[in-house]
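Okay, so here's the structure we're looking at.
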Amino acid sequence: MRKLGRTKWVSVAAWLTVWGAQGQAEPIPVEALSREPEMTSLSMSAEGDYLVGLVSPAGNDGEKLALAVWDLEKGGEPKLTAPNDRIRFIAAQALKADKLFFLTSQAWTGTLQGCGEGRRVGSTATFLNKLYMTDTAMDDFEEPFTGARRLGNSDATERCFEIAGEAGLYQDLPLDPTDVIAQRVNTDTLITEYYRVNLVTGRETLIYKETSRESAGLFNPRTGELLTKFRQSPDGNGGYTFETLIRDDETGSFDVHDKLTWTADNRHSIQIVGRDEKTGYYYVSTDQFSNTADIYFYDPVAREYESEPLFALDNFVASGVVLGQKESNFNELLGFRYLGASPSTYWIDPEWDAIVRGLENAYPDRGIGIVDYTDDLSKILFTTESSTYPPAYHILVDKRATQDIGAQRPWIDSDALRPTSLIYYTARDGLRIPGLLTLPKGFTPGEDAPLPAIVLPHGGPWARDYANWDATGWTQFLASRGYAVLQPQYRGSDNWGRSLWRAGDNEWGLKMQDDKDDAAAWLVDQGIADRDQMAIFGYSYGGFAAMAATVREGGPFQCAIAGAGVSNLDRLSNTWSENRVQRALQGRTVDGMDPAENTRHANIPVLVYHGDRDVRVPLFHGRDFYNAVKDRVDAELLVVEDMPHSLPWWPRHHRVTLEAIERFLSTTCGLTPTPPQ
């Protein structure tokens, strides 16, 4: 059980690193990455009087997390609510008015009948995730925002809505001491409704009902009024048009704004990320005028963008704005968010810029994340994190002292690890591809012998990697064992610019796969990798890429590891998403070389692993591929009991898969790394 750390009364610029080495041996032990974090999901109440988070309680060996509440006024040990045999805590959130949320998960098997992801007939093994609310005493627990059970609904219908996620918090109202905006699916009409909810009394006021074509956008964080809506309409050619509607302050009507309209064909990114109260202008993140999205002011009266962006970067996406959330700075522009190697903030407010620069000086080589703060800045909850430092939590007191709360994995010896770096390489057709490179500490290309290497493509594929601490543990797990690890941000990756994103359309297993092979070639050309000691390892779409590499002749890899991989593009495209718009957007881009149709060309060993509770990419993808190639190459199939598709995974899921990955690379694959000394 962890108490709050001692207060250090020091100059911000002179702070010392709190978390040091714990004597952990190299390489990183499997258990150091598989057990639950010592502490995670921390947040602070709006008043700054309590913290909420999840901790590993004493005596359970890091197998499950407990819900924890710290009294910041009294100090001392947190009050804990322990998990039970069936339910796991997976997230927590401090609110206001002495309230907090927490999210639980439990394995569940039953008939879905088309509800959510999973089988429409028969039984599906999945997970039931539920949101609860309580107060800091944690004596009573309730499911918030669910409303009364509708008369006539069967138990199966009610369970369907539980699994699909019937209700949740949509937006806070920072200046209101008790109220928030919640969303809930009406179980009679299947329409999403938005309510203003008093967390103390439970009183609800209906604000807005969606329709089959229109959905809510931004609510006014001061008043709770709806400001923007979105409308999607079929264009008659199998695609969709997406319109933004903005409320007219004079008439109260919602009008379409053509310059905020995009189509499934042009796929521009247009996101309203805030509103300036003084001018009435909207902050919009858009790539309509450049390859990467910039932040523009949009005038809803003139229906025009300003001529120049408020914030723009050449190579990185500008993703949002930081607006003041307290009475003293409400709606003031404090900074801009952007997606570099890691998500970052460019602070324009002088006070916040000085605070964050001081913290950066105190915690060099780590990113600073502001989590919560009080109106007078007497308490600021922040995190420190990097690709070598798992997240740690701290409170800045009165802008001049820190309380150290804890870290997710304080047993990791960060000094024994090497930071991940952003690199670029050129694909065979000339396209510039970003990549994230993690090397063993102490290795020098050109001086030391080339290393065995792993090309590690991310899932999605409409996603990307960041140079933060890897929640899966894969990058540093492998690098600490002497492997070079390159995460290619191949064409089709999102948030690196529109040209790279769209270049992946219908190139699954084709040009997208070229980018993985070209990543391997770049490693060899740079003197980093031994061309005869190369593997590809990926999960989800990355698992597809590993399967594609298995059946691709003349490739650079000696073996492949496919986690929860898609093997059958035809069956995937038919079940891409429960959402018809998502199918229209992304489903139409899923085409290319289908591994299921090319298994006769399998030519390298492959480890296929898959969770038996994966409803995103069902187990048949992995099992069918294994059965088709097992007589042609050295193949293994590992079915992981109770493992879902996405994080958070249980400790034994991490344990079983990390051990299998390590064994397969060093035995079946024959890679021979030398761990750094």
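Each chain in the structure tokens gets a letter, A, B, ..., in the order shown, and its residues are numbered from 1; ligands are numbered from 1 in order too.
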
Which of segment 267-478 of chain A DSSP labels alpha helix (DSSP H), written as a PyMOL selection string: chain A and resi 350-362+474-478

Can you list, as a PyMOL selection string, every residue of segment 450-649 of chain A that DSSP puts in strand (DSSP E)? chain A and resi 451-455+484-488+529-539+559-563+606-611+635-640

Test item: residues at most 12 Å from Ser307 of chain A, only C-alpha atoms, excluding those fewer than 6 positions along its chain, as a PDB file with C-alpha atoms, in the first residue's frame:
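This went into part-v2.pdb:
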```
ATOM      1  CA  PHE A 289      -4.877  23.317 -47.001  1.00  0.00           C
ATOM      2  CA  ILE A 295      -5.324  24.661 -36.579  1.00  0.00           C
ATOM      3  CA  TYR A 296      -7.448  27.409 -38.164  1.00  0.00           C
ATOM      4  CA  PHE A 297      -9.975  29.920 -36.906  1.00  0.00           C
ATOM      5  CA  TYR A 298     -13.344  29.485 -38.645  1.00  0.00           C
ATOM      6  CA  ASP A 299     -15.845  32.376 -38.657  1.00  0.00           C
TER       7      ASP A 299
END
```

Spatial neighbours of Ile368 of chain A, 8 Å, only C-alpha atoms, chain gap at least 2 places, as a PyMOL selection string: chain A and resi 356+359-360+366+370+382-385

Mind dumping the selected residues with C-alpha atoms as a PDB file, in the first residue's frame?
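Wrote out-v4.pdb, looks like this:
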```pdb
ATOM      1  CA  VAL A 356       6.088  22.991 -17.922  1.00  0.00           C
ATOM      2  CA  LEU A 359       9.241  20.392 -15.022  1.00  0.00           C
ATOM      3  CA  GLU A 360      11.049  19.444 -18.231  1.00  0.00           C
ATOM      4  CA  ARG A 366      10.796  12.728 -20.270  1.00  0.00           C
ATOM      5  CA  ILE A 370      -0.750  17.775 -17.249  1.00  0.00           C
ATOM      6  CA  PHE A 382       1.181  15.674 -13.764  1.00  0.00           C
ATOM      7  CA  THR A 383       2.877  12.646 -15.255  1.00  0.00           C
ATOM      8  CA  THR A 384       6.426  12.010 -16.447  1.00  0.00           C
ATOM      9  CA  GLU A 385       7.009   9.434 -19.158  1.00  0.00           C
TER      10      GLU A 385
END
```

Proximity to Gly76 of chain A - best of A:Tyr490, A:Tyr466, A:Tyr50, A:Tyr195, only C-alpha atoms: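 Checking each of A:Tyr490, A:Tyr466, A:Tyr50, A:Tyr195 against Gly76 of chain A, counting only C-alpha atoms, the winner is A:Tyr50.
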
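Summary of the local environment: counting only C-alpha atoms, residues at most 10 Å from segment 170-174 of chain A, other than itself and those fewer than 4 positions away along its chain, are Ala46, Leu95, Lys96, Thr178, Asp179, Val180, Ile181, Ala182, Gln183, Arg184, Tyr194, Tyr195, Arg196, Leu218, Phe219, Asn220, Pro221, Arg222, Thr223, Gly224, Gly324, Gln325, Lys326, Glu327 and Phe330 of chain A.
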
Name the residues in contact with Arg86 of chain A at a cut-off of 12 Å, using only C-alpha atoms, excluding same-chain residues fewer than 5 positions from it; report them as number ranges by chain. A: 64, 104-108, 127-129

Mind dumping the selected residues with N, CA and C atoms as a PDB file, in the first residue's frame?
```
ATOM      1  N   LYS A  64      -4.215  -8.465  -9.936  1.00  0.00           N
ATOM      2  CA  LYS A  64      -5.386  -7.631 -10.126  1.00  0.00           C
ATOM      3  C   LYS A  64      -5.164  -6.276  -9.478  1.00  0.00           C
ATOM      4  N   THR A 104     -15.287  -1.506 -14.926  1.00  0.00           N
ATOM      5  CA  THR A 104     -14.960  -2.894 -14.617  1.00  0.00           C
ATOM      6  C   THR A 104     -15.111  -3.753 -15.861  1.00  0.00           C
ATOM      7  N   SER A 105     -14.473  -4.918 -15.818  1.00  0.00           N
ATOM      8  CA  SER A 105     -14.545  -5.863 -16.927  1.00  0.00           C
ATOM      9  C   SER A 105     -14.624  -7.275 -16.373  1.00  0.00           C
ATOM     10  N   GLN A 106     -15.450  -8.090 -17.000  1.00  0.00           N
ATOM     11  CA  GLN A 106     -15.497  -9.497 -16.631  1.00  0.00           C
ATOM     12  C   GLN A 106     -15.764 -10.336 -17.869  1.00  0.00           C
ATOM     13  N   ALA A 107     -15.191 -11.530 -17.886  1.00  0.00           N
ATOM     14  CA  ALA A 107     -15.425 -12.452 -18.988  1.00  0.00           C
ATOM     15  C   ALA A 107     -16.885 -12.876 -18.988  1.00  0.00           C
ATOM     16  N   TRP A 108     -17.462 -12.963 -20.194  1.00  0.00           N
ATOM     17  CA  TRP A 108     -18.875 -13.337 -20.335  1.00  0.00           C
ATOM     18  C   TRP A 108     -19.049 -14.123 -21.624  1.00  0.00           C
ATOM     19  N   PHE A 127     -16.426  -9.933 -23.409  1.00  0.00           N
ATOM     20  CA  PHE A 127     -16.279  -9.300 -22.095  1.00  0.00           C
ATOM     21  C   PHE A 127     -17.430  -8.337 -21.867  1.00  0.00           C
ATOM     22  N   LEU A 128     -17.849  -8.246 -20.636  1.00  0.00           N
ATOM     23  CA  LEU A 128     -18.873  -7.308 -20.217  1.00  0.00           C
ATOM     24  C   LEU A 128     -18.191  -6.193 -19.439  1.00  0.00           C
ATOM     25  N   ASN A 129     -18.165  -4.991 -20.015  1.00  0.00           N
ATOM     26  CA  ASN A 129     -17.564  -3.830 -19.367  1.00  0.00           C
ATOM     27  C   ASN A 129     -18.672  -2.923 -18.837  1.00  0.00           C
TER      28      ASN A 129
END
```

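Restricting the calculation to only C-alpha atoms, the smallest distance between Gly538 of chain A and any of A:Leu65, A:Val52, A:Leu486, A:Leu585 is found for A:Leu486.
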
Could you name the residues that touch Val322 of chain A at 12 Å or less, counting only C-alpha atoms, but leaving out those on the same chain fewer than 3 positions away, as JSON, numbers by chain? {"A": [273, 274, 275, 276, 283, 295, 318, 319, 325, 329, 330, 331, 332, 333, 334, 335, 336, 337, 338, 344, 345, 346, 347, 348, 349, 352, 370]}

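From atom CA of Leu658 of chain A back to atom CA of Tyr425 of chain A, the distance works out to 28.9 Å.
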
Quick one: pull the distance between atom CA of Phe230 of chain A and atom CA of Glu214 of chain A, Å, one decimal.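 One can read the atom CA of Phe230 of chain A to atom CA of Glu214 of chain A distance as 5.5 Å.
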